[in-house]
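A.B. asks: Could you have a look at this structure, given as structure tokens, before my questions?
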Amino acid sequence: METTSADAMRPAAQGSAQARRVVHRSREARMAGDRMPAAPRAEIGASWDRVLRSGLDPEQPTHSRLLEADEIEHRRRSSALGEVMPLLSDGLTSIADASQQIMVVTDVEGRVLWREGNTGVLRRADDICLAEGAAWSEEITGTNAIGTALAARAPVQVHSAEHFVRSLHGWTCAAAPVRDPRDGRLMGIVDISGPASTFHPTTLALVRSVARLAESEIRVRHLEAVDRLRAVAAPVLSRIGGRAVAVDGHGWTAAVTGMPPVDRLPLPKSLGPGRVWLPSLGMCRVEPLPGGWLVQVADGAMDSPPRRVVLDLSRPRALAVNVVSPVGTWTQRLSPRHAELLYALALHREGRTASELAQDLFGDATRTVTVRAEISRLRRHLAEVLAHRPYRFGEGVEVEVVHPEHPADLLPRSQAPVVEAARRAREGCGGKQAVQSQGPLNRQPEPP
């Protein structure tokens, strides 16, 4: 029996020549406002309607302004999808490569953050601007698997003439959203794209399965992180009188004292250290913990005594910052980059702008995006002792820097100008170890 036009619109039939002709005629009719010979699939028809209302030109190219490299890196580091990229690569890249396709991963704005797969297809993808940093939301690129999955919040496959923009008719793509299991928010899109000749109806099921696998991996990592927070918080809570709870950054409870436990504590989007009103608890004092927050219910007066920070750079392979809070002391291991940042702030207690820190770290005052991204990550754990505008240690915070015995061992692999200047200055002083502190602060002279 000959396939009817309606049957040809089904996903399983999309790869046939007849299906492509039917979709093409339906699209042309829809663009002209005429009656379509066959209705497109519901998700495609809804997408065409959205894009037509936006006024997008179906004959326009798909090129968009690419994000700068620093901004791409910032978004990668800020996304939990970066943690599961090895899993996504293992699950999709080899299959995509073998089938003459590529895997693409975007953020919630439809910006391409990663892409991997067949080398030849990657080159072809450059021609349609399916490149790192490009925008693939429906508002920018019309109906496509990435943008339509974002708009519909559901997996979708888009083939050939189902794409709104004509220059994409030689492509096929299947995409699925990935949600954060910790709070249900959308994190981004996983997509497989390739030439239209590579269409296969099972591709969508594959992408959907790998997206669910990524969510499961994030869930496992979240539970492990809560366990680590619990190990840190338990001894702190044992010394606290009154009601208190330790939660991760999404409000999931790790430990509690003096009150009935809850699975999750609703937190404001811009939670920071200090006094804050929480609808479920009332007035509270919030302090940072490694990997989360300590929330104490303000049953009485709650003063905040000065904090003390010890930046330990004495062992190059064990860089750390020790923070003394009202309820105890905790230690945060540091990456070399974060150690450089804190060292620069310890030298310049009056504060540094993003461009000044970029000059301190890279010798390039324009690299402010990278600086802001790294400071943002630091403040997740040190928000109560770090201030901004300009970036600095807060008022009343005592700061001590523990140097290595020999000047050359001060962050030995660092090429940051602020560190190299400090090494030279200490060598000129005979390598004498310097300790800096404030609150009041006894500062050594700043390196030239």
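Residues are referred to by chain and number: the chain letter is A, B, ... according to the order shown in the structure tokens, the number counts from 1 in that chain, and ligands are numbered separately from 1 in the order shown.
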Residues near region 285-297 of chain A, anyone? I mean within 6 Å using only C-alpha atoms, not counting same-chain ones fewer than 4 positions away, as a list in words.
C.D. replies: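 Surrounding residues, per the criterion: Arg243, Ala244, Val245, Ala246, Val247, Asp248, Gly249, Pro273, Gly274, Arg275 and His381 of chain A.
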A.B. asks: Go through region 108-198 of chain A and collect every residue that DSSP, computed from the backbone, puts in strand (DSSP E); the answer should be as a ChimeraX atom specification.
C.D. replies: /A:112-117,156-159,171-179,186-195
A.B. asks: Would you list the contacts of region 134-140 of chain A as a list in words, taking every protein, DNA or RNA residue within 9 Å and counting only C-alpha atoms, but skipping same-chain residues closer than 4 positions in sequence?
C.D. replies: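 So, after excluding close chain neighbours, the residues are Ser47, Arg50, Val51, Ser54, Leu56, Thr62, His63, Ser64, Arg65, Leu66, Leu67, Thr106, Glu109, Gly110, Arg111, Val112, Leu113, Cys129, Leu130, Asn144, Ala145, Ile146, Gly147, Thr148, Leu150 and Ala151 of chain A.
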A.B. asks: One number please: CA of Arg228 (chain A) to CA of Ala318 (chain A), in Å, one decimal.
C.D. replies: 19.2 Å
A.B. asks: Skipping near chain neighbours, those fewer than 2 positions away, what residues fall within 8 Å of Val84 (chain A) using only C-alpha atoms, listed as a VMD selection string?
C.D. replies: chain A and resid 80 to 82 86 to 88 214 217 to 218
A.B. asks: Using only C-alpha atoms, which residue out of A:Ala131, A:Leu386, A:Leu345, A:Ala17 lies closest to Ile72 (chain A)?
C.D. replies: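 Closest to Ile72 (chain A) of all the choices is A:Ala131.
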A.B. asks: Given the choices A:Glu162, A:Gln60, A:Ala42, A:Val104, which gets closest to Arg21 (chain A) if the distance is worked out from only C-alpha atoms?
C.D. replies: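 Of A:Glu162, A:Gln60, A:Ala42, A:Val104, the one nearest Arg21 (chain A), counting only C-alpha atoms, is A:Glu162.
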A.B. asks: Work out how far apart CA of Pro37 (chain A) and CA of Ser197 (chain A) are and give it in Å to one decimal.
C.D. replies: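 Computing the Euclidean distance for CA of Pro37 (chain A) and CA of Ser197 (chain A) yields 24.0 Å.
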A.B. asks: Going by DSSP on the backbone, which residues of region 90-148 of chain A come out as alpha helix (DSSP H)? List them as a list in words.
C.D. replies: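 Output for region 90-148 of chain A, alpha helix (DSSP H) only: Ser94, Ile95, Ala96, Asp97, Ala98, Thr119, Gly120, Val121, Leu122, Arg123, Arg124, Ala125, Asp126, Asp127, Glu138, Glu139, Ile140, Thr141, Ala145, Ile146, Gly147 and Thr148 of chain A.
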A.B. asks: Dump all heavy atoms for the selected residues as a short mmCIF file (atom, residue, chain, number, x, y, z; two decimals), in the first residue's frame?
C.D. replies:
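Written out: out.cif:
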data_model
loop_
_atom_site.label_atom_id
_atom_site.label_comp_id
_atom_site.auth_asym_id
_atom_site.auth_seq_id
_atom_site.Cartn_x
_atom_site.Cartn_y
_atom_site.Cartn_z
N SER A 94 31.34 8.34 20.43
CA SER A 94 31.80 7.27 19.55
C SER A 94 30.70 6.84 18.58
O SER A 94 30.96 6.57 17.40
CB SER A 94 32.28 6.07 20.37
OG SER A 94 31.22 5.56 21.17
N ILE A 95 29.45 6.81 19.07
CA ILE A 95 28.33 6.46 18.20
C ILE A 95 28.12 7.53 17.14
O ILE A 95 27.92 7.24 15.95
CB ILE A 95 27.05 6.27 19.03
CG1 ILE A 95 27.22 5.09 20.01
CG2 ILE A 95 25.83 6.03 18.13
CD1 ILE A 95 26.07 4.93 20.96
N ALA A 96 28.20 8.80 17.57
CA ALA A 96 28.03 9.90 16.63
C ALA A 96 29.12 9.86 15.57
O ALA A 96 28.86 10.05 14.36
CB ALA A 96 28.04 11.23 17.37
N ASP A 97 30.34 9.63 15.99
CA ASP A 97 31.46 9.59 15.05
C ASP A 97 31.26 8.48 14.01
O ASP A 97 31.41 8.70 12.81
CB ASP A 97 32.75 9.37 15.82
CG ASP A 97 33.99 9.56 14.95
OD1 ASP A 97 33.84 10.01 13.81
OD2 ASP A 97 35.09 9.24 15.42
N ALA A 98 30.88 7.29 14.50
CA ALA A 98 30.71 6.15 13.59
C ALA A 98 29.56 6.36 12.62
O ALA A 98 29.57 5.83 11.51
CB ALA A 98 30.50 4.88 14.40
N THR A 119 35.04 14.23 12.44
CA THR A 119 35.82 15.41 12.05
C THR A 119 35.24 16.11 10.83
O THR A 119 35.13 17.34 10.78
CB THR A 119 37.27 15.00 11.78
OG1 THR A 119 37.82 14.37 12.94
CG2 THR A 119 38.12 16.22 11.43
N GLY A 120 34.85 15.34 9.83
CA GLY A 120 34.29 15.94 8.63
C GLY A 120 32.99 16.66 8.90
O GLY A 120 32.74 17.75 8.35
N VAL A 121 32.15 16.09 9.74
CA VAL A 121 30.87 16.73 10.07
C VAL A 121 31.11 17.99 10.91
O VAL A 121 30.38 18.98 10.78
CB VAL A 121 29.94 15.74 10.78
CG1 VAL A 121 28.62 16.41 11.16
CG2 VAL A 121 29.67 14.54 9.89
N LEU A 122 32.13 17.96 11.78
CA LEU A 122 32.46 19.17 12.55
C LEU A 122 32.81 20.31 11.61
O LEU A 122 32.41 21.46 11.85
CB LEU A 122 33.63 18.88 13.49
CG LEU A 122 33.33 18.03 14.73
CD1 LEU A 122 34.62 17.67 15.46
CD2 LEU A 122 32.38 18.77 15.68
N ARG A 123 33.53 20.01 10.53
CA ARG A 123 33.85 21.07 9.56
C ARG A 123 32.58 21.56 8.87
O ARG A 123 32.41 22.77 8.65
CB ARG A 123 34.86 20.54 8.55
CG ARG A 123 36.28 20.38 9.10
CD ARG A 123 37.28 20.21 7.96
NE ARG A 123 37.06 18.98 7.23
CZ ARG A 123 37.68 17.83 7.48
NH1 ARG A 123 38.56 17.77 8.46
NH2 ARG A 123 37.44 16.75 6.74
N ARG A 124 31.70 20.64 8.51
CA ARG A 124 30.44 21.06 7.88
C ARG A 124 29.58 21.87 8.85
O ARG A 124 28.87 22.80 8.45
CB ARG A 124 29.67 19.84 7.39
CG ARG A 124 30.31 19.12 6.21
CD ARG A 124 29.45 17.99 5.70
NE ARG A 124 28.15 18.44 5.24
CZ ARG A 124 27.22 17.63 4.70
NH1 ARG A 124 27.48 16.33 4.58
NH2 ARG A 124 26.06 18.11 4.30
N ALA A 125 29.65 21.50 10.13
CA ALA A 125 28.87 22.23 11.14
C ALA A 125 29.34 23.67 11.25
O ALA A 125 28.54 24.57 11.55
CB ALA A 125 28.98 21.53 12.50
N ASP A 126 30.62 23.92 11.02
CA ASP A 126 31.10 25.30 11.04
C ASP A 126 30.39 26.15 9.99
O ASP A 126 30.16 27.34 10.20
CB ASP A 126 32.61 25.33 10.77
CG ASP A 126 33.43 24.78 11.94
OD1 ASP A 126 32.91 24.79 13.07
OD2 ASP A 126 34.57 24.35 11.70
N ASP A 127 30.01 25.54 8.87
CA ASP A 127 29.35 26.29 7.79
C ASP A 127 27.97 26.79 8.19
O ASP A 127 27.49 27.79 7.64
CB ASP A 127 29.23 25.42 6.54
CG ASP A 127 30.59 25.06 5.94
OD1 ASP A 127 31.56 25.80 6.19
OD2 ASP A 127 30.67 24.03 5.23
N GLU A 138 15.35 28.86 19.49
CA GLU A 138 14.39 29.09 18.40
C GLU A 138 14.36 30.56 17.97
O GLU A 138 14.20 30.86 16.79
CB GLU A 138 12.99 28.67 18.83
CG GLU A 138 12.71 27.19 18.75
CD GLU A 138 11.24 26.86 18.97
OE1 GLU A 138 10.49 27.74 19.46
OE2 GLU A 138 10.85 25.73 18.65
N GLU A 139 14.52 31.47 18.93
CA GLU A 139 14.44 32.89 18.59
C GLU A 139 15.55 33.31 17.64
O GLU A 139 15.39 34.26 16.86
CB GLU A 139 14.53 33.74 19.86
CG GLU A 139 13.37 33.57 20.83
CD GLU A 139 13.55 32.36 21.74
OE1 GLU A 139 14.55 31.61 21.55
OE2 GLU A 139 12.71 32.16 22.62
N ILE A 140 16.68 32.59 17.67
CA ILE A 140 17.82 32.95 16.85
C ILE A 140 17.90 32.11 15.58
O ILE A 140 18.16 32.62 14.48
CB ILE A 140 19.13 32.79 17.65
CG1 ILE A 140 19.11 33.66 18.91
CG2 ILE A 140 20.34 33.15 16.77
CD1 ILE A 140 19.03 35.14 18.65
N THR A 141 17.64 30.80 15.70
CA THR A 141 17.91 29.86 14.61
C THR A 141 16.66 29.14 14.12
O THR A 141 16.75 28.28 13.26
CB THR A 141 18.98 28.84 15.07
OG1 THR A 141 20.01 29.53 15.77
CG2 THR A 141 19.63 28.13 13.90
N ALA A 145 16.41 21.01 16.70
CA ALA A 145 16.23 20.12 17.86
C ALA A 145 16.65 20.80 19.16
O ALA A 145 15.97 20.68 20.18
CB ALA A 145 17.00 18.82 17.66
N ILE A 146 17.76 21.53 19.15
CA ILE A 146 18.23 22.18 20.36
C ILE A 146 17.24 23.24 20.83
O ILE A 146 16.75 23.21 21.97
CB ILE A 146 19.62 22.82 20.13
CG1 ILE A 146 20.68 21.74 19.90
CG2 ILE A 146 20.01 23.70 21.33
CD1 ILE A 146 22.02 22.29 19.43
N GLY A 147 16.93 24.19 19.95
CA GLY A 147 16.04 25.28 20.33
C GLY A 147 14.64 24.81 20.64
O GLY A 147 13.99 25.32 21.57
N THR A 148 14.13 23.84 19.90
CA THR A 148 12.76 23.36 20.12
C THR A 148 12.67 22.52 21.39
O THR A 148 11.68 22.59 22.12
CB THR A 148 12.27 22.58 18.90
OG1 THR A 148 12.36 23.43 17.74
CG2 THR A 148 10.83 22.13 19.06
#
A.B. asks: I'd like the neighbourhood of Glu215 (chain A) as a list in words, where a residue qualifies if any of its atoms comes within 10 Å (using only C-alpha atoms), though same-chain residues fewer than 4 positions away should be ignored.
C.D. replies: Ala80, Leu81, Val84, Val178, Arg179, Asp180, Pro181, Arg182, Met187, Ser209, Val210, Ala211, Arg219, Val220 and Arg221 of chain A
A.B. asks: Include all heavy atoms and write out the residues we just selected as a short mmCIF file (atom, residue, chain, number, x, y, z; two decimals), in the first residue's frame.
C.D. replies:
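out-v1.cif, written as the output of this step:
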data_model
loop_
_atom_site.label_atom_id
_atom_site.label_comp_id
_atom_site.auth_asym_id
_atom_site.auth_seq_id
_atom_site.Cartn_x
_atom_site.Cartn_y
_atom_site.Cartn_z
N ALA A 80 26.79 22.33 35.81
CA ALA A 80 26.99 20.97 36.32
C ALA A 80 27.18 19.97 35.19
O ALA A 80 27.68 18.86 35.42
CB ALA A 80 25.79 20.56 37.18
N LEU A 81 26.81 20.35 33.97
CA LEU A 81 27.00 19.44 32.84
C LEU A 81 28.48 19.16 32.60
O LEU A 81 28.83 18.11 32.05
CB LEU A 81 26.37 20.03 31.58
CG LEU A 81 24.84 20.02 31.53
CD1 LEU A 81 24.35 20.71 30.27
CD2 LEU A 81 24.31 18.60 31.60
N VAL A 84 29.67 15.91 34.02
CA VAL A 84 29.26 14.65 33.40
C VAL A 84 29.62 14.60 31.92
O VAL A 84 29.16 13.71 31.21
CB VAL A 84 27.74 14.42 33.58
CG1 VAL A 84 27.41 14.21 35.05
CG2 VAL A 84 26.93 15.58 33.02
N VAL A 178 18.34 18.20 29.78
CA VAL A 178 18.91 17.60 30.99
C VAL A 178 18.53 18.49 32.16
O VAL A 178 18.81 19.70 32.14
CB VAL A 178 20.44 17.47 30.89
CG1 VAL A 178 20.99 16.78 32.14
CG2 VAL A 178 20.84 16.70 29.63
N ARG A 179 17.88 17.91 33.15
CA ARG A 179 17.44 18.66 34.32
C ARG A 179 18.32 18.35 35.53
O ARG A 179 18.82 17.23 35.67
CB ARG A 179 15.98 18.35 34.66
CG ARG A 179 15.01 18.77 33.57
CD ARG A 179 13.57 18.53 33.98
NE ARG A 179 12.65 18.93 32.93
CZ ARG A 179 12.22 20.18 32.75
NH1 ARG A 179 12.64 21.13 33.56
NH2 ARG A 179 11.39 20.47 31.77
N ASP A 180 18.47 19.34 36.38
CA ASP A 180 19.25 19.16 37.61
C ASP A 180 18.38 18.42 38.62
O ASP A 180 17.34 18.95 39.05
CB ASP A 180 19.66 20.53 38.17
CG ASP A 180 20.72 20.41 39.25
OD1 ASP A 180 20.71 19.38 39.94
OD2 ASP A 180 21.52 21.35 39.39
N PRO A 181 18.74 17.20 39.00
CA PRO A 181 17.90 16.44 39.94
C PRO A 181 17.85 17.07 41.32
O PRO A 181 16.99 16.71 42.13
CB PRO A 181 18.57 15.06 39.98
CG PRO A 181 19.98 15.31 39.57
CD PRO A 181 19.93 16.43 38.59
N ARG A 182 18.74 18.02 41.61
CA ARG A 182 18.74 18.65 42.93
C ARG A 182 17.63 19.67 43.09
O ARG A 182 17.14 19.88 44.20
CB ARG A 182 20.11 19.31 43.17
CG ARG A 182 21.25 18.32 43.23
CD ARG A 182 22.61 18.99 43.14
NE ARG A 182 22.83 19.61 41.83
CZ ARG A 182 23.99 20.14 41.46
NH1 ARG A 182 25.02 20.10 42.29
NH2 ARG A 182 24.12 20.69 40.27
N MET A 187 19.24 22.38 32.91
CA MET A 187 20.66 22.70 32.87
C MET A 187 21.15 22.93 31.46
O MET A 187 22.09 23.70 31.23
CB MET A 187 21.47 21.57 33.51
CG MET A 187 21.26 21.40 34.99
SD MET A 187 22.45 20.24 35.71
CE MET A 187 21.98 18.73 34.86
N SER A 209 18.00 8.62 26.47
CA SER A 209 18.55 7.70 27.46
C SER A 209 19.85 8.25 28.06
O SER A 209 20.07 8.17 29.28
CB SER A 209 18.81 6.33 26.83
OG SER A 209 17.61 5.74 26.40
N VAL A 210 20.70 8.81 27.22
CA VAL A 210 21.96 9.35 27.73
C VAL A 210 21.71 10.59 28.60
O VAL A 210 22.39 10.80 29.61
CB VAL A 210 22.91 9.67 26.56
CG1 VAL A 210 24.16 10.40 27.06
CG2 VAL A 210 23.31 8.39 25.84
N ALA A 211 20.72 11.39 28.26
CA ALA A 211 20.37 12.55 29.09
C ALA A 211 19.91 12.09 30.47
O ALA A 211 20.29 12.67 31.50
CB ALA A 211 19.28 13.38 28.41
N ARG A 219 22.83 13.09 40.26
CA ARG A 219 22.16 12.74 41.52
C ARG A 219 23.11 11.99 42.45
O ARG A 219 23.17 12.27 43.66
CB ARG A 219 20.93 11.90 41.23
CG ARG A 219 20.10 11.56 42.48
CD ARG A 219 18.88 10.75 42.13
NE ARG A 219 17.94 11.51 41.31
CZ ARG A 219 17.74 11.31 40.02
NH1 ARG A 219 18.41 10.36 39.37
NH2 ARG A 219 16.87 12.04 39.35
N VAL A 220 23.87 11.05 41.91
CA VAL A 220 24.82 10.29 42.73
C VAL A 220 25.89 11.23 43.30
O VAL A 220 26.24 11.15 44.48
CB VAL A 220 25.47 9.16 41.90
CG1 VAL A 220 26.66 8.55 42.64
CG2 VAL A 220 24.45 8.08 41.57
N ARG A 221 26.40 12.12 42.46
CA ARG A 221 27.42 13.07 42.93
C ARG A 221 26.86 13.99 44.00
O ARG A 221 27.55 14.36 44.95
CB ARG A 221 27.94 13.89 41.75
CG ARG A 221 28.80 13.09 40.78
CD ARG A 221 29.12 13.91 39.53
NE ARG A 221 29.92 13.17 38.60
CZ ARG A 221 31.20 13.44 38.31
NH1 ARG A 221 31.80 14.45 38.91
NH2 ARG A 221 31.86 12.72 37.44
#
A.B. asks: Near Glu116 (chain A), counting only C-alpha atoms, which residues have an atom at most 8 Å away, once you skip same-chain residues fewer than 2 positions from it, shown as a VMD selection string?
C.D. replies: chain A and resid 89 93 102 to 104 114 118 122
A.B. asks: Go ahead and write the residues just picked, N, CA, C and O atoms, as an mmCIF file, in the first residue's frame.
C.D. replies:
data_model
loop_
_atom_site.group_PDB
_atom_site.id
_atom_site.type_symbol
_atom_site.label_atom_id
_atom_site.label_comp_id
_atom_site.auth_asym_id
_atom_site.auth_seq_id
_atom_site.Cartn_x
_atom_site.Cartn_y
_atom_site.Cartn_z
ATOM 1 N N SER A 89 30.316 11.941 26.681
ATOM 2 C CA SER A 89 31.233 11.575 25.594
ATOM 3 C C SER A 89 31.275 10.069 25.391
ATOM 4 O O SER A 89 31.214 9.567 24.259
ATOM 5 N N THR A 93 29.627 10.155 21.855
ATOM 6 C CA THR A 93 30.589 10.621 20.860
ATOM 7 C C THR A 93 31.023 9.519 19.901
ATOM 8 O O THR A 93 31.075 9.726 18.678
ATOM 9 N N ILE A 102 27.658 14.387 15.003
ATOM 10 C CA ILE A 102 28.381 15.003 16.105
ATOM 11 C C ILE A 102 27.460 15.135 17.314
ATOM 12 O O ILE A 102 26.234 15.207 17.178
ATOM 13 N N MET A 103 28.057 15.141 18.496
ATOM 14 C CA MET A 103 27.322 15.420 19.722
ATOM 15 C C MET A 103 27.530 16.892 20.086
ATOM 16 O O MET A 103 28.644 17.408 20.016
ATOM 17 N N VAL A 104 26.443 17.546 20.482
ATOM 18 C CA VAL A 104 26.489 18.951 20.870
ATOM 19 C C VAL A 104 25.821 19.091 22.239
ATOM 20 O O VAL A 104 24.771 18.498 22.484
ATOM 21 N N TRP A 114 29.952 22.610 24.239
ATOM 22 C CA TRP A 114 30.837 21.524 23.828
ATOM 23 C C TRP A 114 30.295 20.915 22.528
ATOM 24 O O TRP A 114 29.097 20.895 22.303
ATOM 25 N N ASN A 118 32.429 13.278 14.554
ATOM 26 C CA ASN A 118 33.082 13.071 13.276
ATOM 27 C C ASN A 118 33.759 14.353 12.789
ATOM 28 O O ASN A 118 33.145 15.417 12.732
ATOM 29 N N LEU A 122 32.129 17.961 11.778
ATOM 30 C CA LEU A 122 32.459 19.165 12.548
ATOM 31 C C LEU A 122 32.807 20.315 11.607
ATOM 32 O O LEU A 122 32.407 21.460 11.846
#
